[in-house]
file model_32.csv (CSV, C-alpha atoms and all ligand atoms)
chain,number,residue,atom,x,y,z
A,298,MET,CA,41.9,-30.1,-11.0
A,299,THR,CA,40.4,-28.1,-8.2
A,300,THR,CA,40.9,-24.8,-6.6
A,301,PRO,CA,39.9,-24.0,-3.0
A,302,PRO,CA,36.8,-21.8,-2.7
A,303,THR,CA,37.9,-18.3,-2.9
A,304,VAL,CA,36.1,-16.8,0.1
A,305,SER,CA,39.0,-14.8,1.5
A,306,GLY,CA,38.3,-11.2,1.9
A,307,SER,CA,34.5,-11.5,2.0
A,308,ALA,CA,32.8,-11.8,5.4
A,309,PRO,CA,30.2,-14.5,5.8
A,310,GLY,CA,27.0,-13.3,4.4
A,311,ALA,CA,28.6,-10.6,2.4
A,312,ALA,CA,27.3,-12.1,-0.7
A,313,THR,CA,23.7,-11.7,0.5
A,314,ARG,CA,24.0,-8.3,2.1
A,315,PRO,CA,21.1,-6.1,1.0
A,316,GLY,CA,22.1,-4.0,-1.9
A,317,GLY,CA,25.3,-6.1,-2.2
A,318,THR,CA,26.3,-6.9,-5.7
A,319,ALA,CA,28.7,-9.8,-5.2
A,320,ARG,CA,27.0,-13.1,-5.3
A,321,THR,CA,30.2,-14.2,-6.9
A,322,ALA,CA,32.7,-12.9,-4.4
A,323,GLY,CA,36.2,-14.0,-5.3
A,324,ALA,CA,35.6,-13.6,-9.0
A,325,SER,CA,38.1,-10.8,-8.8
A,326,ALA,CA,40.7,-10.7,-11.5
A,327,GLY,CA,43.0,-13.5,-11.8
A,328,ARG,CA,43.0,-14.9,-8.2
A,329,GLY,CA,41.6,-18.3,-9.1
A,330,GLY,CA,43.3,-18.4,-12.4
A,331,THR,CA,41.5,-20.2,-15.2
A,332,THR,CA,40.3,-23.7,-14.5
A,333,ALA,CA,38.5,-24.8,-17.6
A,334,ALA,CA,40.1,-27.2,-20.0
A,335,ALA,CA,40.8,-26.2,-23.5
A,336,GLY,CA,37.7,-26.3,-25.6
A,337,HIS,CA,35.4,-25.6,-22.7
A,338,PRO,CA,33.3,-22.4,-23.1
A,339,ALA,CA,35.1,-20.9,-20.1
A,340,ALA,CA,38.5,-21.7,-21.3
A,341,GLY,CA,40.8,-18.8,-21.0
A,342,ARG,CA,38.4,-16.8,-18.9
A,343,PRO,CA,39.0,-15.9,-15.2
A,344,ALA,CA,37.3,-18.4,-12.9
A,345,VAL,CA,34.0,-17.3,-11.5
A,346,ARG,CA,33.4,-18.7,-8.0
A,347,PRO,CA,30.1,-18.2,-6.3
A,348,VAL,CA,30.2,-18.3,-2.5
A,349,GLU,CA,26.5,-19.0,-2.1
A,350,ARG,CA,25.4,-22.2,-3.8
A,351,PRO,CA,21.7,-23.0,-3.3
A,352,ARG,CA,22.0,-25.7,-5.9
A,353,ARG,CA,24.0,-27.8,-3.3
A,354,LEU,CA,20.7,-28.7,-1.6
A,355,ARG,CA,19.1,-29.7,-4.9
A,356,SER,CA,21.8,-32.1,-6.0
A,357,THR,CA,20.0,-35.4,-5.2
A,358,PRO,CA,16.4,-36.5,-4.8
A,359,ALA,CA,17.1,-37.4,-1.1
A,360,LEU,CA,18.4,-33.9,-0.4
A,361,ARG,CA,15.6,-32.2,-2.2
A,362,SER,CA,13.1,-34.3,-0.3
A,363,LEU,CA,14.8,-33.5,3.1
A,364,VAL,CA,14.7,-29.8,2.6
A,365,SER,CA,11.2,-29.6,0.9
A,366,GLU,CA,9.3,-26.9,2.7
A,367,HIS,CA,5.8,-28.1,1.8
A,368,ARG,CA,4.3,-31.4,0.9
A,369,ILE,CA,0.7,-32.4,0.3
A,370,HIS,CA,-1.0,-34.9,2.6
A,371,PRO,CA,-4.2,-36.7,1.4
A,372,ARG,CA,-6.0,-35.5,4.5
A,373,GLU,CA,-5.7,-31.9,3.3
A,374,LEU,CA,-7.7,-32.6,0.2
A,375,VAL,CA,-11.5,-32.2,-0.1
A,376,LEU,CA,-13.5,-33.6,-3.0
A,377,PRO,CA,-16.4,-31.5,-4.4
A,378,MET,CA,-19.2,-33.8,-5.8
A,379,PHE,CA,-22.4,-33.4,-7.6
A,380,VAL,CA,-25.6,-35.4,-7.1
A,381,LYS,CA,-28.4,-35.2,-9.6
A,382,GLU,CA,-32.0,-35.8,-8.7
A,383,GLY,CA,-33.6,-38.7,-10.6
A,384,ALA,CA,-30.5,-39.7,-12.5
A,385,SER,CA,-30.3,-43.5,-13.2
A,386,GLU,CA,-26.8,-43.3,-14.6
A,387,PRO,CA,-23.9,-41.0,-13.7
A,388,VAL,CA,-23.8,-38.1,-16.3
A,389,ALA,CA,-20.4,-37.1,-17.6
A,390,LEU,CA,-19.7,-33.4,-17.8
A,391,GLY,CA,-18.2,-32.2,-21.1
A,392,SER,CA,-16.4,-29.2,-19.6
A,393,MET,CA,-15.0,-31.2,-16.7
A,394,PRO,CA,-13.6,-34.4,-18.1
A,395,GLY,CA,-13.5,-37.1,-15.4
A,396,VAL,CA,-16.2,-35.4,-13.3
A,397,VAL,CA,-19.8,-36.6,-13.2
A,398,GLN,CA,-23.2,-35.8,-11.9
A,399,HIS,CA,-23.8,-38.7,-9.6
A,400,THR,CA,-26.7,-40.9,-9.0
A,401,MET,CA,-27.4,-41.7,-5.3
A,402,ASP,CA,-25.6,-45.0,-5.8
A,403,SER,CA,-22.6,-43.8,-7.7
A,404,LEU,CA,-22.3,-41.0,-5.1
A,405,ARG,CA,-22.0,-43.6,-2.3
A,406,ARG,CA,-19.4,-45.6,-4.3
A,407,ALA,CA,-17.3,-42.5,-5.1
A,408,ALA,CA,-17.4,-41.4,-1.4
A,409,ALA,CA,-16.3,-44.9,-0.3
A,410,GLU,CA,-13.4,-44.7,-2.8
A,411,ALA,CA,-12.5,-41.2,-1.5
A,412,ALA,CA,-12.4,-42.5,2.0
A,413,GLU,CA,-10.3,-45.4,0.9
A,414,ALA,CA,-7.8,-43.0,-0.7
A,415,GLY,CA,-7.6,-41.2,2.7
A,416,ILE,CA,-8.7,-37.7,1.8
A,417,GLY,CA,-10.1,-35.3,4.3
A,418,GLY,CA,-13.6,-34.5,3.3
A,419,LEU,CA,-16.3,-34.2,0.7
A,420,MET,CA,-18.2,-31.1,-0.4
A,421,LEU,CA,-21.7,-31.9,-1.9
A,422,PHE,CA,-23.7,-29.9,-4.4
A,423,GLY,CA,-27.2,-30.9,-5.5
A,424,VAL,CA,-28.8,-30.7,-8.9
A,425,PRO,CA,-32.6,-30.6,-8.5
A,426,THR,CA,-35.2,-31.4,-11.1
A,427,VAL,CA,-37.5,-28.5,-10.0
A,428,ARG,CA,-36.5,-24.9,-9.4
A,429,ASP,CA,-38.5,-21.9,-8.2
A,430,ALA,CA,-38.0,-18.3,-7.2
A,431,VAL,CA,-37.1,-19.0,-3.6
A,432,GLY,CA,-35.3,-22.3,-4.0
A,433,THR,CA,-37.8,-24.4,-2.1
A,434,ALA,CA,-36.0,-27.7,-2.9
A,435,ALA,CA,-33.0,-26.4,-0.8
A,436,THR,CA,-35.0,-26.5,2.4
A,437,ASP,CA,-37.0,-29.7,1.6
A,438,PRO,CA,-35.6,-32.4,4.0
A,439,ASP,CA,-36.0,-34.8,1.1
A,440,GLY,CA,-34.6,-32.5,-1.5
A,441,ILE,CA,-31.7,-33.9,-3.5
A,442,LEU,CA,-28.9,-32.1,-1.6
A,443,ASN,CA,-30.3,-33.0,1.8
A,444,ALA,CA,-30.9,-36.6,0.8
A,445,GLY,CA,-27.4,-36.8,-0.7
A,446,LEU,CA,-25.9,-35.4,2.5
A,447,ARG,CA,-27.7,-38.0,4.5
A,448,ALA,CA,-26.4,-40.8,2.3
A,449,LEU,CA,-22.8,-39.5,2.6
A,450,VAL,CA,-23.0,-39.2,6.4
A,451,GLU,CA,-24.3,-42.8,6.5
A,452,GLU,CA,-21.7,-44.1,4.1
A,453,VAL,CA,-18.5,-42.3,5.2
A,454,GLY,CA,-19.4,-40.0,8.0
A,455,ASP,CA,-17.1,-41.6,10.5
A,456,GLU,CA,-14.1,-41.3,8.2
A,457,LEU,CA,-14.6,-38.1,6.3
A,458,VAL,CA,-15.8,-34.6,7.0
A,459,VAL,CA,-19.1,-34.2,5.1
A,460,MET,CA,-19.6,-30.6,3.9
A,461,SER,CA,-22.6,-29.1,2.3
A,462,ASP,CA,-22.9,-26.2,-0.2
A,463,LEU,CA,-25.2,-23.7,1.5
A,464,CYS,CA,-26.4,-21.5,-1.3
A,465,LEU,CA,-29.6,-21.1,-3.3
A,466,ASP,CA,-28.2,-20.8,-6.9
A,467,GLU,CA,-28.6,-24.5,-7.7
A,468,PHE,CA,-32.3,-24.3,-6.6
A,469,THR,CA,-33.6,-21.0,-8.0
A,470,ASP,CA,-35.2,-20.7,-11.4
A,471,HIS,CA,-33.3,-17.4,-11.9
A,472,GLY,CA,-30.0,-18.9,-10.9
A,473,HIS,CA,-29.0,-16.3,-8.3
A,474,CYS,CA,-27.6,-17.2,-5.0
A,475,GLY,CA,-30.4,-15.4,-3.1
A,476,VAL,CA,-34.0,-14.4,-3.5
A,477,LEU,CA,-35.0,-11.3,-5.5
A,478,ASP,CA,-36.8,-8.2,-4.5
A,479,GLY,CA,-39.6,-6.6,-6.5
A,480,ALA,CA,-37.1,-4.8,-8.7
A,481,GLY,CA,-35.2,-8.1,-9.5
A,482,ARG,CA,-32.3,-7.3,-7.3
A,483,VAL,CA,-30.8,-9.9,-5.0
A,484,ASP,CA,-32.3,-9.2,-1.6
A,485,ASN,CA,-29.6,-9.7,1.0
A,486,ASP,CA,-31.6,-9.8,4.2
A,487,ALA,CA,-34.5,-11.8,2.9
A,488,THR,CA,-31.9,-14.3,1.6
A,489,LEU,CA,-30.4,-14.6,5.1
A,490,VAL,CA,-33.7,-16.0,6.4
A,491,ARG,CA,-33.6,-18.7,3.6
A,492,TYR,CA,-30.0,-19.5,4.5
A,493,GLN,CA,-31.1,-20.0,8.1
A,494,ASP,CA,-33.7,-22.5,7.0
A,495,MET,CA,-31.2,-24.2,4.7
A,496,ALA,CA,-28.7,-24.5,7.6
A,497,LEU,CA,-31.2,-26.2,9.8
A,498,ALA,CA,-32.2,-28.6,7.0
A,499,GLN,CA,-28.5,-29.4,6.3
A,500,ALA,CA,-27.6,-29.7,10.0
A,501,ALA,CA,-30.4,-32.2,10.4
A,502,THR,CA,-28.8,-34.5,7.9
A,503,GLY,CA,-25.8,-34.9,10.1
A,504,ALA,CA,-23.5,-32.9,7.8
A,505,HIS,CA,-20.5,-31.8,9.8
A,506,MET,CA,-19.6,-28.5,8.0
A,507,LEU,CA,-21.8,-26.1,6.2
A,508,GLY,CA,-20.2,-24.2,3.3
A,509,LEU,CA,-21.6,-20.7,3.0
A,510,SER,CA,-20.9,-19.8,-0.6
A,511,GLY,CA,-23.6,-17.1,-1.3
A,512,MET,CA,-21.6,-14.0,-0.4
A,513,MET,CA,-24.5,-12.3,1.4
A,514,ASP,CA,-23.5,-9.8,4.1
A,515,GLY,CA,-24.0,-11.2,7.6
A,516,GLN,CA,-24.6,-14.8,6.4
A,517,VAL,CA,-22.1,-16.4,8.9
A,518,ALA,CA,-23.7,-14.7,11.9
A,519,ALA,CA,-27.2,-15.5,10.7
A,520,VAL,CA,-26.4,-19.1,10.3
A,521,ARG,CA,-24.4,-19.5,13.4
A,522,GLU,CA,-27.2,-17.9,15.4
A,523,VAL,CA,-29.9,-20.2,14.2
A,524,LEU,CA,-27.7,-23.3,14.5
A,525,ASP,CA,-26.9,-22.5,18.1
A,526,ARG,CA,-30.5,-21.6,19.0
A,527,GLU,CA,-31.6,-25.0,17.7
A,528,GLY,CA,-29.0,-27.0,19.5
A,529,HIS,CA,-26.6,-27.6,16.5
A,530,THR,CA,-23.6,-26.1,18.4
A,531,ASP,CA,-21.3,-28.8,16.9
A,532,THR,CA,-22.2,-28.1,13.3
A,533,SER,CA,-19.3,-26.0,11.9
A,534,VAL,CA,-19.3,-23.2,9.4
A,535,LEU,CA,-16.9,-23.0,6.4
A,536,ALA,CA,-17.2,-19.4,5.1
A,537,TYR,CA,-16.5,-18.8,1.5
A,538,SER,CA,-15.1,-15.4,2.7
A,539,ALA,CA,-13.2,-14.0,-0.3
A,540,LYS,CA,-15.2,-15.3,-3.2
A,541,TYR,CA,-14.6,-13.5,-6.4
A,542,ALA,CA,-16.9,-13.0,-9.4
A,543,SER,CA,-14.9,-15.3,-11.6
A,544,ALA,CA,-14.9,-16.6,-15.2
A,545,PHE,CA,-13.3,-19.8,-13.8
A,546,TYR,CA,-16.7,-21.0,-12.5
A,547,GLY,CA,-17.9,-21.6,-16.0
A,548,PRO,CA,-17.7,-25.4,-16.0
A,549,PHE,CA,-19.4,-25.6,-12.6
A,550,ARG,CA,-22.4,-23.8,-13.9
A,551,ASP,CA,-22.8,-26.7,-16.5
A,552,ALA,CA,-22.3,-29.2,-13.6
A,553,VAL,CA,-25.3,-27.7,-11.7
A,554,GLU,CA,-27.3,-26.8,-14.8
A,555,SER,CA,-27.3,-23.2,-13.6
A,556,GLN,CA,-30.2,-21.1,-14.9
A,557,LEU,CA,-28.2,-17.8,-14.4
A,558,GLN,CA,-28.5,-15.0,-16.9
A,559,GLY,CA,-26.1,-12.2,-16.3
A,560,ASP,CA,-23.6,-12.3,-13.5
A,561,ARG,CA,-23.1,-12.2,-9.7
A,562,ARG,CA,-21.1,-9.0,-9.5
A,563,THR,CA,-23.4,-7.3,-7.0
A,564,TYR,CA,-22.5,-10.0,-4.4
A,565,GLN,CA,-19.3,-11.8,-5.4
A,566,MET,CA,-16.1,-9.8,-5.2
A,567,ASP,CA,-14.4,-7.7,-7.9
A,568,PRO,CA,-11.2,-9.6,-9.0
A,569,ALA,CA,-9.4,-6.3,-8.8
A,570,ASN,CA,-9.7,-6.1,-5.0
A,571,ARG,CA,-7.0,-7.5,-2.7
A,572,ARG,CA,-7.6,-5.5,0.5
A,573,GLU,CA,-11.3,-6.2,0.4
A,574,GLY,CA,-10.5,-10.0,0.5
A,575,LEU,CA,-9.0,-9.5,3.9
A,576,ARG,CA,-11.9,-7.4,5.0
A,577,GLU,CA,-14.4,-10.1,4.1
A,578,ALA,CA,-12.4,-12.7,5.9
A,579,THR,CA,-12.1,-10.5,9.0
A,580,LEU,CA,-15.8,-10.0,9.1
A,581,ASP,CA,-16.5,-13.7,8.8
A,582,LEU,CA,-14.1,-14.4,11.6
A,583,ALA,CA,-15.9,-11.9,13.8
A,584,GLU,CA,-19.2,-13.5,12.9
A,585,GLY,CA,-17.9,-16.9,14.1
A,586,ALA,CA,-16.6,-18.8,11.0
A,587,ASP,CA,-14.8,-22.0,11.9
A,588,VAL,CA,-12.9,-22.0,8.6
A,589,VAL,CA,-12.4,-19.2,6.1
A,590,MET,CA,-11.9,-19.8,2.4
A,591,VAL,CA,-10.5,-18.0,-0.6
A,592,LYS,CA,-11.9,-18.9,-4.1
A,593,PRO,CA,-10.9,-19.4,-6.8
A,594,ALA,CA,-7.4,-20.4,-5.8
A,595,MET,CA,-4.8,-20.0,-8.5
A,596,SER,CA,-5.6,-16.4,-9.6
A,597,TYR,CA,-6.0,-15.3,-5.9
A,598,LEU,CA,-2.9,-16.6,-4.2
A,599,ASP,CA,-2.0,-13.1,-2.9
A,600,VAL,CA,-5.4,-12.9,-1.2
A,601,LEU,CA,-4.9,-16.4,0.2
A,602,ALA,CA,-1.5,-15.5,1.6
A,603,ASP,CA,-3.0,-12.3,3.2
A,604,VAL,CA,-5.8,-14.2,4.9
A,605,ALA,CA,-3.5,-17.1,6.0
A,606,GLU,CA,-1.2,-14.5,7.6
A,607,VAL,CA,-3.8,-13.2,10.0
A,608,SER,CA,-6.4,-16.0,10.4
A,609,PRO,CA,-6.6,-17.6,13.8
A,610,VAL,CA,-8.7,-20.4,12.2
A,611,PRO,CA,-7.9,-22.8,9.4
A,612,VAL,CA,-7.8,-21.4,5.9
A,613,ALA,CA,-9.1,-23.3,2.9
A,614,ALA,CA,-8.9,-22.6,-0.8
A,615,TYR,CA,-11.0,-23.9,-3.7
A,616,GLN,CA,-9.3,-24.9,-6.9
A,617,VAL,CA,-12.4,-24.3,-9.0
A,618,SER,CA,-13.9,-26.0,-12.1
A,619,GLY,CA,-12.2,-23.7,-14.6
A,620,GLU,CA,-8.8,-24.3,-13.1
A,621,TYR,CA,-9.5,-28.0,-13.4
A,622,ALA,CA,-10.8,-27.7,-16.9
A,623,MET,CA,-7.8,-25.7,-18.1
A,624,ILE,CA,-5.2,-28.2,-16.9
A,625,GLU,CA,-7.3,-31.2,-18.2
A,626,ALA,CA,-7.6,-29.5,-21.6
A,627,ALA,CA,-4.0,-28.6,-22.0
A,628,ALA,CA,-2.9,-32.1,-20.8
A,629,ALA,CA,-5.4,-33.7,-23.3
A,630,HIS,CA,-3.6,-31.8,-26.0
A,631,GLY,CA,-0.2,-33.0,-24.8
A,632,TRP,CA,0.8,-29.5,-24.0
A,633,ILE,CA,1.6,-30.0,-20.4
A,634,ASP,CA,2.4,-33.0,-18.2
A,635,ARG,CA,-0.9,-33.7,-16.5
A,636,ARG,CA,0.3,-35.3,-13.3
A,637,ARG,CA,3.1,-32.7,-12.7
A,638,ALA,CA,0.7,-29.8,-13.4
A,639,ILE,CA,-1.9,-31.1,-11.0
A,640,GLU,CA,0.7,-31.7,-8.2
A,641,GLU,CA,2.4,-28.3,-8.8
A,642,SER,CA,-1.0,-26.5,-8.9
A,643,VAL,CA,-2.1,-27.9,-5.5
A,644,LEU,CA,1.3,-27.5,-3.9
A,645,GLY,CA,1.3,-23.9,-4.9
A,646,ILE,CA,-2.0,-23.4,-3.2
A,647,ARG,CA,-0.7,-25.0,0.0
A,648,ARG,CA,2.5,-23.0,-0.2
A,649,ALA,CA,0.5,-19.7,-0.4
A,650,GLY,CA,-1.2,-20.6,2.9
A,651,ALA,CA,-4.1,-23.0,2.5
A,652,ASP,CA,-4.4,-25.6,5.3
A,653,PHE,CA,-6.7,-27.6,3.0
A,654,VAL,CA,-7.7,-27.5,-0.6
A,655,LEU,CA,-10.9,-28.3,-2.4
A,656,THR,CA,-10.0,-29.9,-5.7
A,657,TYR,CA,-11.8,-32.2,-8.2
A,658,TRP,CA,-8.6,-34.2,-8.3
A,659,ALA,CA,-8.7,-35.0,-4.5
A,660,THR,CA,-9.1,-38.8,-4.8
A,661,GLU,CA,-6.7,-39.3,-7.7
A,662,LEU,CA,-4.1,-37.0,-6.2
A,663,ALA,CA,-4.4,-38.8,-2.8
A,664,GLY,CA,-3.7,-42.1,-4.7
A,665,TRP,CA,-0.5,-40.7,-6.1
A,666,LEU,CA,0.7,-39.5,-2.7
A,667,ARG,CA,0.5,-42.9,-1.1
B,701,LIG,C1,-22.3,-21.3,-5.5
B,701,LIG,C2,-21.0,-22.0,-5.9
B,701,LIG,C3,-20.3,-21.8,-7.1
B,701,LIG,C4,-19.2,-22.6,-7.0
B,701,LIG,C5,-19.2,-23.2,-5.8
B,701,LIG,N1,-20.3,-22.8,-5.1
B,701,LIG,C6,-20.7,-21.1,-8.4
B,701,LIG,C7,-20.8,-19.7,-8.4
B,701,LIG,O1,-20.6,-19.0,-7.5
B,701,LIG,O2,-21.3,-19.3,-9.5
B,701,LIG,C8,-18.1,-22.8,-8.1
B,701,LIG,C9,-17.2,-23.9,-7.9
B,701,LIG,C10,-16.4,-24.2,-9.1
B,701,LIG,O3,-16.4,-23.5,-10.1
B,701,LIG,O4,-15.8,-25.3,-9.1
B,701,LIG,N2,-23.2,-22.3,-5.0
call {"tool": "encode", "arguments": {"input": "model_32.csv", "output": "structure tokens"}}
result
Amino acid sequence: MTTPPTVSGSAPGAATRPGGTARTAGASAGRGGTTAAAGHPAAGRPAVRPVERPRRLRSTPALRSLVSEHRIHPRELVLPMFVKEGASEPVALGSMPGVVQHTMDSLRRAAAEAAEAGIGGLMLFGVPTVRDAVGTAATDPDGILNAGLRALVEEVGDELVVMSDLCLDEFTDHGHCGVLDGAGRVDNDATLVRYQDMALAQAATGAHMLGLSGMMDGQVAAVREVLDREGHTDTSVLAYSAKYASAFYGPFRDAVESQLQGDRRTYQMDPANRREGLREATLDLAEGADVVMVKPAMSYLDVLADVAEVSPVPVAAYQVSGEYAMIEAAAAHGWIDRRRAIEESVLGIRRAGADFVLTYWATELAGWLR
């Protein structure tokens, strides 16, 4: 028992006219009669006939797939990894189930596995045994991060983009991302000189992309200048442009055994600020960033969308340790479906405008996408 669609009297598009009320044009009294069988909830009620039916395109898996606006490709995923100096066994991280501090050997194996899964790149963080006020180990050519980068370039450098964390916090005994002045404040300009030395040490390992995560003013220009001066014109810069002072970095600080007391609010951004995220990205673009990034991802999708709207270079987003930990913890309790939550979270970040995503699930997610 069917009744023809009751579109008469409403111009095409009428149902979607701004301010229009009638998404159910034709529902006017009586015209369609009643169609529901006795006992149906609508029995005896006038038929309601929507003109616009978006559900039509959701009716089969094939239709949904055809009209899907975004899908994740393994190449758009970057795996952050930790390598621990002197470790003889990988060390599991309690606050990041499934993530470890690698030994040199397990780092190579995990990198090969990531390449096999077809992801796009690796982002390496080092965990040194010795820390000091200026982060000397960061610029030691044989320091754990530089040694790890060299191993990754050798192991998978032809298949994956090898990225380095360019920041002092893992290497300083006070845990800040820069060096301190006499009053104990983070000294922006003195830190830039350390970043320049770090950039040269990392470029010498063959790392392809340097990830500037310290949030010092002028860091992109300082690093670009020294790289170019020393002939590393092909070493690219990923700027952590809009990086917020976030509670969601908690598990990461366990992962790198951070010595930080206090917080990073004098250099990382205030979570309240949206406009300023765009300002930071714009400055990094002017200073020569090859890629700009927003971090964390899930709580900052508005900033990500703003940056993606104007950026002439690729935009990345970092789904950080706390985002990982929350989903893992809820899934472990059986409160959410782990795989669906992971896929939805990364898809949301792509949809908001990220060209690629740093996520601790990169290898596993890539495996599901095959
Ligand atoms: C700084 C850095 C941090 C993260 C990446 N780079 C920590 C911080 O700013 O305190 C956090 C990443 C994560 O939480 O997954 N070197």
call {"tool": "residues_around", "arguments": {"input": "model_32.csv", "residues": "Glu625 in chain A", "least_positions_apart": "4", "cutoff": "10 Å", "atoms": "only C-alpha atoms", "output": "list of chain:residue names"}}
result
A:Ser392, A:Met393, A:Pro394, A:Gly395, A:Gly619, A:Glu620, A:Tyr621, A:Ala629, A:His630, A:Gly631, A:Ile633, A:Asp634, A:Arg635, A:Arg636, A:Ala638, A:Ile639
call {"tool": "atom_distance", "arguments": {"input": "model_32.csv", "atom1": "CA of Arg637 in chain A", "atom2": "CA of Ser596 in chain A"}}
result
18.7 Å
call {"tool": "residues_near_point", "arguments": {"input": "model_32.csv", "point": "(-8.9, -8.8, 1.3)", "cutoff": "9 Å", "atoms": "only C-alpha atoms", "output": "list of chain:residue names"}}
result
A:Ala539, A:Asn570, A:Arg571, A:Arg572, A:Glu573, A:Gly574, A:Leu575, A:Arg576, A:Glu577, A:Ala578, A:Thr579, A:Val600, A:Leu601, A:Asp603, A:Val604
call {"tool": "atom_distance", "arguments": {"input": "model_32.csv", "atom1": "CA of Leu363 in chain A", "atom2": "CA of Ala613 in chain A"}}
result
26.0 Å
call {"tool": "residues_near_ligand", "arguments": {"input": "model_32.csv", "ligand": "ligand LIG 701 (chain B)", "cutoff": "6 Å", "atoms": "all atoms listed in the file", "output": "mmCIF file with C-alpha atoms, keeping the file's coordinate frame"}}
result
data_model
loop_
_atom_site.group_PDB
_atom_site.id
_atom_site.type_symbol
_atom_site.label_atom_id
_atom_site.label_comp_id
_atom_site.auth_asym_id
_atom_site.auth_seq_id
_atom_site.Cartn_x
_atom_site.Cartn_y
_atom_site.Cartn_z
ATOM 1 C CA CYS A 464 -26.400 -21.500 -1.300
ATOM 2 C CA ASP A 466 -28.200 -20.800 -6.900
ATOM 3 C CA SER A 510 -20.900 -19.800 -0.600
ATOM 4 C CA TYR A 546 -16.700 -21.000 -12.500
ATOM 5 C CA PHE A 549 -19.400 -25.600 -12.600
ATOM 6 C CA VAL A 617 -12.400 -24.300 -9.000
ATOM 7 C CA SER A 618 -13.900 -26.000 -12.100
#
call {"tool": "closest_residue", "arguments": {"input": "model_32.csv", "among": "A:Ala586, A:Ala552, A:Gly336, A:Ile441", "to": "Val388 in chain A", "atoms": "all atoms listed in the file"}}
result
A:Ala552
call {"tool": "residues_around", "arguments": {"input": "model_32.csv", "residues": "Arg372 in chain A", "least_positions_apart": "6", "cutoff": "12 Å", "atoms": "all atoms listed in the file", "output": "ChimeraX atom specification"}}
result
/A:411-419,456-458,652-655,659-660,662-664,666-667
call {"tool": "residues_around", "arguments": {"input": "model_32.csv", "residues": "Gly559 in chain A", "least_positions_apart": "2", "cutoff": "10 Å", "atoms": "all atoms listed in the file", "output": "list in words"}}
result
His471, Gly472, His473, Gln556, Leu557, Arg561 and Arg562 of chain A
call {"tool": "residues_near_point", "arguments": {"input": "model_32.csv", "point": "(-32.4, -17.1, -5.8)", "cutoff": "6 Å", "atoms": "only C-alpha atoms", "output": "compact mmCIF listing (two decimals) with C-alpha atoms, keeping the file's coordinate frame"}}
result
# COMPACT_ATOMS: atom_id res chain seq x y z
CA ALA A 430 -38.00 -18.30 -7.20
CA VAL A 431 -37.10 -19.00 -3.60
CA LEU A 465 -29.60 -21.10 -3.30
CA ASP A 466 -28.20 -20.80 -6.90
CA THR A 469 -33.60 -21.00 -8.00
CA GLY A 472 -30.00 -18.90 -10.90
CA HIS A 473 -29.00 -16.30 -8.30
CA CYS A 474 -27.60 -17.20 -5.00
CA GLY A 475 -30.40 -15.40 -3.10
CA VAL A 476 -34.00 -14.40 -3.50
call {"tool": "atom_distance", "arguments": {"input": "model_32.csv", "atom1": "CA of Arg550 in chain A", "atom2": "CA of Val427 in chain A"}}
result
16.3 Å
call {"tool": "closest_residue", "arguments": {"input": "model_32.csv", "among": "A:Val643, A:Ala626, A:Ala651, A:Met512", "to": "Lys540 in chain A", "atoms": "only C-alpha atoms"}}
result
A:Met512
call {"tool": "closest_residue", "arguments": {"input": "model_32.csv", "among": "A:Val553, A:Ala340, A:Ala480, A:Leu509", "to": "His399 in chain A", "atoms": "all atoms listed in the file"}}
result
A:Val553
call {"tool": "closest_residue", "arguments": {"input": "model_32.csv", "among": "A:Val459, A:Leu390, A:Leu644, A:Leu376", "to": "Ala407 in chain A", "atoms": "all atoms listed in the file"}}
result
A:Leu376
call {"tool": "closest_residue", "arguments": {"input": "model_32.csv", "among": "A:Arg405, A:His337, A:Arg346, A:Arg353", "to": "Leu421 in chain A", "atoms": "all atoms listed in the file"}}
result
A:Arg405
call {"tool": "closest_residue", "arguments": {"input": "model_32.csv", "among": "A:Ile624, A:Leu477, A:Ala335, A:Leu582", "to": "Asp429 in chain A", "atoms": "all atoms listed in the file"}}
result
A:Leu477
call {"tool": "residues_around", "arguments": {"input": "model_32.csv", "residues": "Glu386 in chain A", "least_positions_apart": "5", "cutoff": "10 Å", "atoms": "all atoms listed in the file", "output": "list in words"}}
result
Lys381, Val397, Gln398, His399, Thr400, Met401, Asp402 and Ser403 of chain A
call {"tool": "decode", "arguments": {"input": "model_32.csv", "residues": "range 521-527 of chain A", "atoms": "N, CA and C atoms", "output": "compact mmCIF listing (two decimals), in the first residue's frame"}}
result
# COMPACT_ATOMS: atom_id res chain seq x y z
N ARG A 521 65.54 26.65 10.71
CA ARG A 521 65.63 26.68 9.24
C ARG A 521 66.93 27.36 8.79
N GLU A 522 67.24 28.44 9.48
CA GLU A 522 68.43 29.22 9.12
C GLU A 522 69.70 28.38 9.26
N VAL A 523 69.83 27.69 10.39
CA VAL A 523 71.07 26.93 10.61
C VAL A 523 71.13 25.69 9.70
N LEU A 524 69.98 25.09 9.45
CA LEU A 524 69.97 23.93 8.54
C LEU A 524 70.44 24.36 7.15
N ASP A 525 69.90 25.46 6.68
CA ASP A 525 70.25 25.92 5.33
C ASP A 525 71.73 26.32 5.27
N ARG A 526 72.17 27.01 6.31
CA ARG A 526 73.56 27.47 6.34
C ARG A 526 74.54 26.29 6.28
N GLU A 527 74.15 25.18 6.91
CA GLU A 527 75.04 24.02 6.96
C GLU A 527 74.74 22.99 5.87
